[in-house]
Amino acid sequence: MSVIHKRLKCEIDKLQQLSGSFILDSASPDAVIGRILPQSSIFNQAGFQIELKLPPIYPFACPHIRFITRIYHPNVDSGNIYFGGIMYSSDDYKTTTSLVEIVNQIINVIDNPDIDHAVEPSI
């Protein structure tokens, strides 16, 4: 087993331990799909399915994040999430950033909307 596959297995194991805020639905070398469980009052009764699409050179390139479940949120547009008004991209990513950290960032943005950097919805 390569070092990259060992890291991915370890990260998937850690994602499974996030049982109050994330439920892992499936994982493969290409993508991780799961449901985030926000705690904020407006979203605390919902679970939103997300996909972390892993590039072939992961962890040397960032995963593409998208919401599979439709969510009405000021920092999400067409399934893409925006942190500080900028879609999550390689500029925000370091090879040491774990999938758990990314999922926790997503949950934090959903629970704490950044109204100052709301995205324009595409219709």
# chains A, B, ... in the order shown; residues from 1 in each chain; ligands from 1
>>> select_by_dssp(residues="chain A", states="helix (DSSP H, G or I)", output="PyMOL selection string")
chain A and resi 3-16+99-111+115-117
>>> closest_atom_pairs(of="range 34-61 of chain A", to="range 104-119 of chain A", cutoff="8 Å", atoms="only C-alpha atoms", output="tab-separated table")
residue	atom	partner	partner_atom	distance
A:Ile36	CA	A:Ile107	CA	6.7
A:Leu37	CA	A:Ile107	CA	7.5
A:Pro38	CA	A:Ile107	CA	5.8
A:Gln39	CA	A:Asp111	CA	6.4
A:Ser40	CA	A:Asp111	CA	4.9
A:Phe43	CA	A:Asp111	CA	7.6
>>> write_last_selection(atoms="C-alpha atoms", output="short mmCIF file (atom, residue, chain, number, x, y, z; two decimals), in the first residue's frame")
data_model
loop_
_atom_site.label_atom_id
_atom_site.label_comp_id
_atom_site.auth_asym_id
_atom_site.auth_seq_id
_atom_site.Cartn_x
_atom_site.Cartn_y
_atom_site.Cartn_z
CA ILE A 36 -22.67 17.18 7.34
CA LEU A 37 -24.89 17.79 10.35
CA PRO A 38 -24.77 21.51 11.19
CA GLN A 39 -25.58 22.65 14.72
CA SER A 40 -26.89 26.17 14.07
CA PHE A 43 -29.91 24.00 9.98
#
>>> residues_around(residues="Ile57 in chain A", least_positions_apart="5", cutoff="12 Å", atoms="only C-alpha atoms", output="PyMOL selection string")
chain A and resi 4-5+8+29-30+62-63+95
>>> residues_around(residues="Lys53 in chain A", least_positions_apart="4", cutoff="12 Å", atoms="only C-alpha atoms", output="number ranges by chain")
A: 26-34, 57-59, 61-68, 99
>>> write_last_selection(atoms="C-alpha atoms", output="PDB file, in the first residue's frame")
ATOM      1  CA  SER A  26     -19.005   6.267   0.847  1.00  0.00           C
ATOM      2  CA  ALA A  27     -15.309   6.594   0.171  1.00  0.00           C
ATOM      3  CA  SER A  28     -13.047   5.649  -2.689  1.00  0.00           C
ATOM      4  CA  PRO A  29      -9.669   6.824  -3.989  1.00  0.00           C
ATOM      5  CA  ASP A  30     -11.647   9.258  -6.196  1.00  0.00           C
ATOM      6  CA  ALA A  31     -14.202  10.766  -3.814  1.00  0.00           C
ATOM      7  CA  VAL A  32     -15.567  10.929  -0.304  1.00  0.00           C
ATOM      8  CA  ILE A  33     -19.302  11.424   0.072  1.00  0.00           C
ATOM      9  CA  GLY A  34     -20.941  12.129   3.375  1.00  0.00           C
ATOM     10  CA  ILE A  57      -2.509  13.551  -7.145  1.00  0.00           C
ATOM     11  CA  TYR A  58      -4.265  14.022  -3.772  1.00  0.00           C
ATOM     12  CA  PRO A  59      -2.955  15.178  -1.238  1.00  0.00           C
ATOM     13  CA  ALA A  61      -3.818  19.048  -4.926  1.00  0.00           C
ATOM     14  CA  CYS A  62      -6.965  20.081  -3.102  1.00  0.00           C
ATOM     15  CA  PRO A  63     -10.251  18.198  -3.353  1.00  0.00           C
ATOM     16  CA  HIS A  64     -13.145  19.806  -5.203  1.00  0.00           C
ATOM     17  CA  ILE A  65     -15.987  20.383  -2.736  1.00  0.00           C
ATOM     18  CA  ARG A  66     -19.627  20.493  -3.718  1.00  0.00           C
ATOM     19  CA  PHE A  67     -22.983  20.111  -2.056  1.00  0.00           C
ATOM     20  CA  ILE A  68     -25.057  17.298  -3.498  1.00  0.00           C
ATOM     21  CA  LEU A  99     -10.201  15.930   5.109  1.00  0.00           C
TER      22      LEU A  99
END
>>> atom_distance(atom1="CA of Asp25 in chain A", atom2="CA of Gly47 in chain A")
11.8 Å
>>> residues_around(residues="Glu120 in chain A", least_positions_apart="4", cutoff="12 Å", atoms="only C-alpha atoms", output="VMD selection string")
chain A and resid 72 to 78 80 82 85 115 to 116
